[in-house]
Amino acid sequence: MAKKSKPEKLLPDMVVADNIELIRHIGHTATHTEIADAMRAYAFDTFIHRYSFDYACEKANAYLLSEEGLNNLCVLKCINNWYHGGRQIYVFDDDFASLLSGQGKSDLHISAETLTQLPCKSFYVQRKYQDSLGFFVDIQDNDICMAEFFDGDRPDGFVMRFTADDTVEGILQKMVGAETTINDSLVAEYAEMLQFVVYLSAVNAEIVPVTKRQVQKKTATQRPQKPSAQPQKSAIANVGYRIGVAVRKHRQAENAVDGQHSPQGHSAPKAPHIRRAHFHGYHTNNGYQVKWLNTIFVNAERDDNDISTVHKVLQ
């Protein structure tokens, strides 16, 4: 009997394995300050073998404030809190991911309210986009920390703060100040990733299966979790596969008619698409109120086409 091949490790599991000593030392989901303290102590332990106590302290502090140190701080915070926060992975269908990436514009509206509607606070998004392999997301209060991983390059970490409804460009502009010019390509990068975050907050988001760890309950007091002797398993959910099938079927239909009208005189059906999430104002008895309208996928459910599919879920 042939031996079963071991399932290929996903990137989050490999990244955690490379940093497991420090992650287990931290031992629980941590704040930005706690991660910084752990990194400073780790750097100090490295420098103390070569320098005096005072100079080792100085070197450790300088590293933490450097561009490399600040970047690594965001990355460590994301992977540590992902590991201790349920190890949730969202694997997006390739065609659906392409659809989302294509509409990731700088005018995408997002707010702190969006973050409260997500199924969990720490997760990893696996999607194909240029040389990006995917990205971690960690949310605490109104801060969203993200760490993107690339093929053949070091990860890129950053933090954004959401205080009110605004565009991605507007949020970044407030962070750097009005006198600083923001690079348009950088804004587009962040908007592309945030499009996936917005979709996961949608009330009708297609996420299968819905795992027990996907929804994290908030408790009055958060106690540090002791590292488990047995390693956890990543909780994997497939996202947008039914929508991806609809997109592919529509493309096949378009190729079949080759841009011409059908015998009945009708053109090819309108492609499935997404109406981006946005705020909408309502006049109520209590005055004018703003409500959040979640992302809506249009034309994905038509009675004339069977777009069901069967796909494997990694264990």
# chains A, B, ... in the order shown; residues from 1 in each chain; ligands from 1
>>> residues_around(residues="A:Tyr129", least_positions_apart="2", cutoff="10 Å", atoms="only C-alpha atoms", output="PyMOL selection string")
chain A and resi 94+97-98+101-102+126-127+131-134+150+192-193
>>> write_last_selection(atoms="N, CA, C and O atoms", output="PDB file, in the first residue's frame")
ATOM      1  N   ASP A  94      -8.922  31.801  -6.559  1.00  0.00           N
ATOM      2  CA  ASP A  94      -8.018  32.632  -7.372  1.00  0.00           C
ATOM      3  C   ASP A  94      -8.767  33.657  -8.219  1.00  0.00           C
ATOM      4  O   ASP A  94      -8.367  34.826  -8.289  1.00  0.00           O
ATOM      5  N   ALA A  97     -10.309  36.249  -5.979  1.00  0.00           N
ATOM      6  CA  ALA A  97      -9.250  37.128  -5.472  1.00  0.00           C
ATOM      7  C   ALA A  97      -8.850  38.147  -6.532  1.00  0.00           C
ATOM      8  O   ALA A  97      -8.626  39.319  -6.232  1.00  0.00           O
ATOM      9  N   SER A  98      -8.782  37.700  -7.783  1.00  0.00           N
ATOM     10  CA  SER A  98      -8.444  38.609  -8.874  1.00  0.00           C
ATOM     11  C   SER A  98      -9.500  39.695  -9.020  1.00  0.00           C
ATOM     12  O   SER A  98      -9.185  40.869  -9.260  1.00  0.00           O
ATOM     13  N   SER A 101      -8.970  42.095  -6.030  1.00  0.00           N
ATOM     14  CA  SER A 101      -7.748  42.887  -6.196  1.00  0.00           C
ATOM     15  C   SER A 101      -7.941  43.980  -7.243  1.00  0.00           C
ATOM     16  O   SER A 101      -7.413  45.080  -7.105  1.00  0.00           O
ATOM     17  N   GLY A 102      -8.727  43.671  -8.269  1.00  0.00           N
ATOM     18  CA  GLY A 102      -8.938  44.629  -9.344  1.00  0.00           C
ATOM     19  C   GLY A 102      -9.748  45.831  -8.940  1.00  0.00           C
ATOM     20  O   GLY A 102      -9.692  46.880  -9.593  1.00  0.00           O
ATOM     21  N   GLN A 126      -4.871  34.077   2.371  1.00  0.00           N
ATOM     22  CA  GLN A 126      -4.075  33.502   1.284  1.00  0.00           C
ATOM     23  C   GLN A 126      -4.755  33.839  -0.031  1.00  0.00           C
ATOM     24  O   GLN A 126      -5.870  33.411  -0.304  1.00  0.00           O
ATOM     25  N   ARG A 127      -4.081  34.626  -0.839  1.00  0.00           N
ATOM     26  CA  ARG A 127      -4.598  34.991  -2.153  1.00  0.00           C
ATOM     27  C   ARG A 127      -3.434  35.302  -3.081  1.00  0.00           C
ATOM     28  O   ARG A 127      -2.358  35.704  -2.642  1.00  0.00           O
ATOM     29  N   ASP A 131       3.524  39.314  -6.826  1.00  0.00           N
ATOM     30  CA  ASP A 131       4.483  38.442  -6.140  1.00  0.00           C
ATOM     31  C   ASP A 131       4.127  38.222  -4.671  1.00  0.00           C
ATOM     32  O   ASP A 131       4.917  37.665  -3.911  1.00  0.00           O
ATOM     33  N   SER A 132       2.927  38.660  -4.273  1.00  0.00           N
ATOM     34  CA  SER A 132       2.486  38.487  -2.886  1.00  0.00           C
ATOM     35  C   SER A 132       1.925  37.095  -2.676  1.00  0.00           C
ATOM     36  O   SER A 132       1.174  36.578  -3.502  1.00  0.00           O
ATOM     37  N   LEU A 133       2.278  36.480  -1.541  1.00  0.00           N
ATOM     38  CA  LEU A 133       1.776  35.149  -1.199  1.00  0.00           C
ATOM     39  C   LEU A 133       0.557  35.210  -0.288  1.00  0.00           C
ATOM     40  O   LEU A 133      -0.205  34.249  -0.201  1.00  0.00           O
ATOM     41  N   GLY A 134       0.390  36.337   0.406  1.00  0.00           N
ATOM     42  CA  GLY A 134      -0.721  36.489   1.336  1.00  0.00           C
ATOM     43  C   GLY A 134      -0.312  37.435   2.452  1.00  0.00           C
ATOM     44  O   GLY A 134       0.814  37.948   2.475  1.00  0.00           O
ATOM     45  N   PHE A 150       6.040  37.874   0.639  1.00  0.00           N
ATOM     46  CA  PHE A 150       6.296  37.865  -0.791  1.00  0.00           C
ATOM     47  C   PHE A 150       7.165  36.675  -1.183  1.00  0.00           C
ATOM     48  O   PHE A 150       7.821  36.064  -0.342  1.00  0.00           O
ATOM     49  N   GLU A 192      -5.728  47.431  -1.824  1.00  0.00           N
ATOM     50  CA  GLU A 192      -5.927  46.081  -2.379  1.00  0.00           C
ATOM     51  C   GLU A 192      -6.107  45.065  -1.264  1.00  0.00           C
ATOM     52  O   GLU A 192      -7.015  44.224  -1.302  1.00  0.00           O
ATOM     53  N   MET A 193      -5.267  45.119  -0.237  1.00  0.00           N
ATOM     54  CA  MET A 193      -5.383  44.172   0.873  1.00  0.00           C
ATOM     55  C   MET A 193      -6.646  44.420   1.700  1.00  0.00           C
ATOM     56  O   MET A 193      -7.331  43.474   2.112  1.00  0.00           O
TER      57      MET A 193
END
>>> residues_around(residues="A:Lys121", least_positions_apart="4", cutoff="12 Å", atoms="only C-alpha atoms", output="VMD selection string")
chain A and resid 29 78 81 to 89 114 to 117 136 to 146 197 200 to 201 213 to 218
>>> write_last_selection(atoms="N, CA, C and O atoms", output="short mmCIF file (atom, residue, chain, number, x, y, z; two decimals), in the first residue's frame")
data_model
loop_
_atom_site.label_atom_id
_atom_site.label_comp_id
_atom_site.auth_asym_id
_atom_site.auth_seq_id
_atom_site.Cartn_x
_atom_site.Cartn_y
_atom_site.Cartn_z
N THR A 29 -1.81 36.20 23.20
CA THR A 29 -2.04 37.33 22.31
C THR A 29 -1.57 38.59 23.02
O THR A 29 -1.89 38.81 24.19
N CYS A 78 1.75 40.23 14.32
CA CYS A 78 0.75 39.54 13.51
C CYS A 78 0.84 38.02 13.66
O CYS A 78 -0.16 37.35 13.88
N ASN A 81 0.02 36.81 17.40
CA ASN A 81 -1.41 36.85 17.75
C ASN A 81 -2.23 35.91 16.87
O ASN A 81 -3.29 35.43 17.29
N TRP A 82 -1.76 35.65 15.66
CA TRP A 82 -2.42 34.63 14.82
C TRP A 82 -2.27 33.26 15.47
O TRP A 82 -3.23 32.49 15.56
N TYR A 83 -1.06 32.95 15.96
CA TYR A 83 -0.80 31.65 16.56
C TYR A 83 -1.61 31.44 17.84
O TYR A 83 -2.22 30.39 18.05
N HIS A 84 -1.64 32.46 18.70
CA HIS A 84 -2.35 32.33 19.97
C HIS A 84 -3.82 32.71 19.87
O HIS A 84 -4.55 32.57 20.86
N GLY A 85 -4.26 33.18 18.71
CA GLY A 85 -5.64 33.63 18.56
C GLY A 85 -6.52 32.76 17.68
O GLY A 85 -7.54 33.23 17.17
N GLY A 86 -6.13 31.49 17.49
CA GLY A 86 -7.00 30.57 16.76
C GLY A 86 -6.44 30.05 15.46
O GLY A 86 -6.99 29.11 14.88
N ARG A 87 -5.38 30.65 14.92
CA ARG A 87 -4.72 30.17 13.70
C ARG A 87 -5.69 30.05 12.53
O ARG A 87 -5.71 29.07 11.81
N GLN A 88 -6.49 31.10 12.32
CA GLN A 88 -7.47 31.09 11.24
C GLN A 88 -6.83 31.49 9.91
O GLN A 88 -6.13 32.49 9.83
N ILE A 89 -7.07 30.67 8.88
CA ILE A 89 -6.59 30.95 7.53
C ILE A 89 -7.78 31.03 6.59
O ILE A 89 -8.64 30.14 6.59
N THR A 114 -16.26 48.72 10.55
CA THR A 114 -15.98 47.57 9.69
C THR A 114 -15.23 46.50 10.46
O THR A 114 -15.51 45.31 10.33
N LEU A 115 -14.26 46.92 11.27
CA LEU A 115 -13.42 45.98 11.98
C LEU A 115 -14.20 45.17 13.01
O LEU A 115 -13.85 44.03 13.31
N THR A 116 -15.25 45.75 13.57
CA THR A 116 -16.05 45.03 14.57
C THR A 116 -16.90 43.95 13.94
O THR A 116 -17.40 43.08 14.64
N GLN A 117 -17.10 43.99 12.63
CA GLN A 117 -17.95 43.02 11.95
C GLN A 117 -17.19 41.82 11.40
O GLN A 117 -17.79 40.94 10.79
N PHE A 136 -1.01 38.57 6.89
CA PHE A 136 -1.61 38.43 8.22
C PHE A 136 -2.34 39.73 8.57
O PHE A 136 -1.95 40.81 8.15
N VAL A 137 -3.39 39.59 9.36
CA VAL A 137 -4.13 40.74 9.87
C VAL A 137 -4.32 40.54 11.37
O VAL A 137 -4.71 39.46 11.82
N ASP A 138 -4.02 41.59 12.14
CA ASP A 138 -4.27 41.55 13.58
C ASP A 138 -4.92 42.87 13.98
O ASP A 138 -4.41 43.95 13.65
N ILE A 139 -6.06 42.79 14.67
CA ILE A 139 -6.83 43.99 15.01
C ILE A 139 -6.97 44.10 16.52
O ILE A 139 -7.37 43.16 17.20
N GLN A 140 -6.62 45.27 17.04
CA GLN A 140 -6.82 45.59 18.45
C GLN A 140 -7.37 47.01 18.53
O GLN A 140 -6.73 47.95 18.05
N ASP A 141 -8.55 47.13 19.12
CA ASP A 141 -9.23 48.42 19.19
C ASP A 141 -9.42 48.96 17.77
O ASP A 141 -9.98 48.27 16.94
N ASN A 142 -8.95 50.18 17.50
CA ASN A 142 -9.11 50.76 16.16
C ASN A 142 -7.85 50.64 15.31
O ASN A 142 -7.75 51.25 14.25
N ASP A 143 -6.89 49.85 15.78
CA ASP A 143 -5.65 49.67 15.03
C ASP A 143 -5.67 48.34 14.29
O ASP A 143 -6.06 47.31 14.86
N ILE A 144 -5.25 48.38 13.04
CA ILE A 144 -5.14 47.16 12.25
C ILE A 144 -3.68 47.02 11.83
O ILE A 144 -3.11 47.91 11.21
N CYS A 145 -3.08 45.92 12.24
CA CYS A 145 -1.69 45.62 11.92
C CYS A 145 -1.68 44.55 10.83
O CYS A 145 -2.38 43.54 10.95
N MET A 146 -0.91 44.78 9.77
CA MET A 146 -0.88 43.84 8.65
C MET A 146 0.57 43.51 8.31
O MET A 146 1.44 44.36 8.38
N VAL A 197 -10.28 42.40 3.56
CA VAL A 197 -10.75 42.58 4.94
C VAL A 197 -12.21 43.02 4.93
O VAL A 197 -13.03 42.51 5.70
N LEU A 200 -14.52 40.08 4.11
CA LEU A 200 -14.72 39.16 5.23
C LEU A 200 -15.67 39.72 6.28
O LEU A 200 -16.25 38.97 7.06
N SER A 201 -15.85 41.05 6.31
CA SER A 201 -16.78 41.66 7.25
C SER A 201 -18.22 41.63 6.74
O SER A 201 -19.14 41.94 7.49
N ARG A 213 -13.31 28.24 15.92
CA ARG A 213 -12.35 29.26 16.34
C ARG A 213 -12.49 30.54 15.52
O ARG A 213 -11.80 31.50 15.76
N GLN A 214 -13.37 30.51 14.52
CA GLN A 214 -13.48 31.67 13.65
C GLN A 214 -14.10 32.86 14.37
O GLN A 214 -13.80 34.00 14.08
N VAL A 215 -14.99 32.60 15.33
CA VAL A 215 -15.63 33.67 16.09
C VAL A 215 -15.06 33.63 17.50
O VAL A 215 -15.26 32.67 18.22
N GLN A 216 -14.36 34.67 17.89
CA GLN A 216 -13.73 34.71 19.20
C GLN A 216 -14.60 35.50 20.16
O GLN A 216 -14.98 36.64 19.88
N LYS A 217 -14.93 34.90 21.29
CA LYS A 217 -15.75 35.56 22.29
C LYS A 217 -14.90 36.52 23.12
O LYS A 217 -13.79 36.20 23.51
N LYS A 218 -15.45 37.68 23.40
CA LYS A 218 -14.76 38.66 24.24
C LYS A 218 -15.11 38.42 25.69
O LYS A 218 -16.27 38.24 26.03
#
>>> residues_around(residues="A:Ile20", least_positions_apart="2", cutoff="12 Å", atoms="only C-alpha atoms", output="compact mmCIF listing (two decimals) with N, CA, C and O atoms, in the first residue's frame")
# COMPACT_ATOMS: atom_id res chain seq x y z
N PRO A 12 1.74 30.40 6.82
CA PRO A 12 1.67 30.80 8.23
C PRO A 12 2.31 29.79 9.17
O PRO A 12 3.00 30.17 10.13
N ASP A 13 2.11 28.50 8.91
CA ASP A 13 2.70 27.47 9.76
C ASP A 13 4.22 27.48 9.66
O ASP A 13 4.92 27.28 10.66
N MET A 14 4.74 27.72 8.45
CA MET A 14 6.19 27.76 8.28
C MET A 14 6.80 28.98 8.96
O MET A 14 7.86 28.91 9.57
N VAL A 15 6.11 30.12 8.86
CA VAL A 15 6.60 31.35 9.50
C VAL A 15 6.62 31.18 11.02
O VAL A 15 7.57 31.59 11.69
N VAL A 16 5.57 30.59 11.56
CA VAL A 16 5.51 30.36 13.01
C VAL A 16 6.63 29.42 13.44
O VAL A 16 7.28 29.64 14.47
N ALA A 17 6.88 28.37 12.65
CA ALA A 17 7.93 27.42 13.00
C ALA A 17 9.29 28.10 13.09
O ALA A 17 10.12 27.76 13.94
N ASP A 18 9.53 29.10 12.24
CA ASP A 18 10.80 29.82 12.24
C ASP A 18 10.94 30.74 13.46
O ASP A 18 12.05 31.14 13.81
N LEU A 22 10.41 32.45 20.23
CA LEU A 22 9.99 33.76 20.73
C LEU A 22 8.48 33.80 20.94
O LEU A 22 7.99 34.39 21.92
N ILE A 23 7.73 33.16 20.04
CA ILE A 23 6.27 33.14 20.16
C ILE A 23 5.83 32.42 21.43
O ILE A 23 4.93 32.86 22.14
N ARG A 24 6.46 31.31 21.73
CA ARG A 24 6.13 30.58 22.95
C ARG A 24 6.57 31.33 24.20
O ARG A 24 5.96 31.22 25.25
N HIS A 25 7.65 32.07 24.07
CA HIS A 25 8.11 32.89 25.20
C HIS A 25 7.08 33.99 25.52
O HIS A 25 6.80 34.25 26.69
N ILE A 26 6.51 34.61 24.49
CA ILE A 26 5.47 35.62 24.71
C ILE A 26 4.25 34.95 25.32
O ILE A 26 3.67 35.44 26.29
N GLY A 27 3.81 33.83 24.76
CA GLY A 27 2.85 32.95 25.41
C GLY A 27 1.38 33.31 25.32
O GLY A 27 0.54 32.57 25.82
N LEU A 76 6.02 40.37 13.76
CA LEU A 76 5.96 39.49 14.92
C LEU A 76 4.61 39.58 15.63
O LEU A 76 4.05 38.57 16.06
N ILE A 79 2.06 37.49 13.54
CA ILE A 79 2.19 36.03 13.57
C ILE A 79 2.00 35.49 14.98
O ILE A 79 1.46 34.39 15.17
N ASN A 80 2.43 36.24 16.01
CA ASN A 80 2.23 35.81 17.40
C ASN A 80 0.74 35.76 17.73
O ASN A 80 0.24 34.75 18.29
N TYR A 83 -1.06 32.95 15.96
CA TYR A 83 -0.80 31.65 16.56
C TYR A 83 -1.61 31.44 17.84
O TYR A 83 -2.22 30.39 18.05
N HIS A 84 -1.64 32.46 18.70
CA HIS A 84 -2.35 32.33 19.97
C HIS A 84 -3.82 32.71 19.87
O HIS A 84 -4.55 32.57 20.86
N PRO A 227 1.27 28.27 26.88
CA PRO A 227 1.56 27.54 25.65
C PRO A 227 1.18 26.07 25.80
O PRO A 227 1.49 25.43 26.80
N PRO A 231 0.93 21.05 19.66
CA PRO A 231 0.75 22.16 18.71
C PRO A 231 -0.68 22.22 18.20
O PRO A 231 -1.31 21.19 17.97
>>> residues_around(residues="A:Asp156", least_positions_apart="4", cutoff="9 Å", atoms="only C-alpha atoms", output="short mmCIF file (atom, residue, chain, number, x, y, z; two decimals) with C-alpha atoms, in the first residue's frame")
data_model
loop_
_atom_site.label_atom_id
_atom_site.label_comp_id
_atom_site.auth_asym_id
_atom_site.auth_seq_id
_atom_site.Cartn_x
_atom_site.Cartn_y
_atom_site.Cartn_z
CA ASN A 71 8.84 46.42 10.40
CA ASN A 72 9.75 43.25 12.30
CA CYS A 74 4.52 44.52 13.08
CA VAL A 75 5.34 41.14 11.54
CA MET A 146 -0.88 43.84 8.65
CA ALA A 147 2.13 41.81 7.51
CA GLU A 148 2.41 40.86 3.83
CA PHE A 149 4.68 38.06 2.64
CA PHE A 150 6.30 37.86 -0.79
#
>>> select_by_dssp(residues="stretch 52-185 of chain A", states="alpha helix (DSSP H)", output="count of residues only")
56
>>> closest_atom_pairs(of="stretch 34-120 of chain A", to="stretch 169-189 of chain A", cutoff="10 Å", atoms="only C-alpha atoms", output="tab-separated table")
residue	atom	partner	partner_atom	distance
A:Ser101	CA	A:Glu189	CA	9.5
A:Gln103	CA	A:Ala188	CA	9.9
A:Gly104	CA	A:Ala188	CA	6.8
A:Lys105	CA	A:Ala188	CA	6.0
A:Ser106	CA	A:Glu169	CA	5.4
A:Asp107	CA	A:Glu169	CA	6.6
A:Leu108	CA	A:Glu169	CA	8.3
A:His109	CA	A:Gly170	CA	9.2
A:Ile110	CA	A:Ile171	CA	8.9
A:Ser111	CA	A:Ile171	CA	9.2
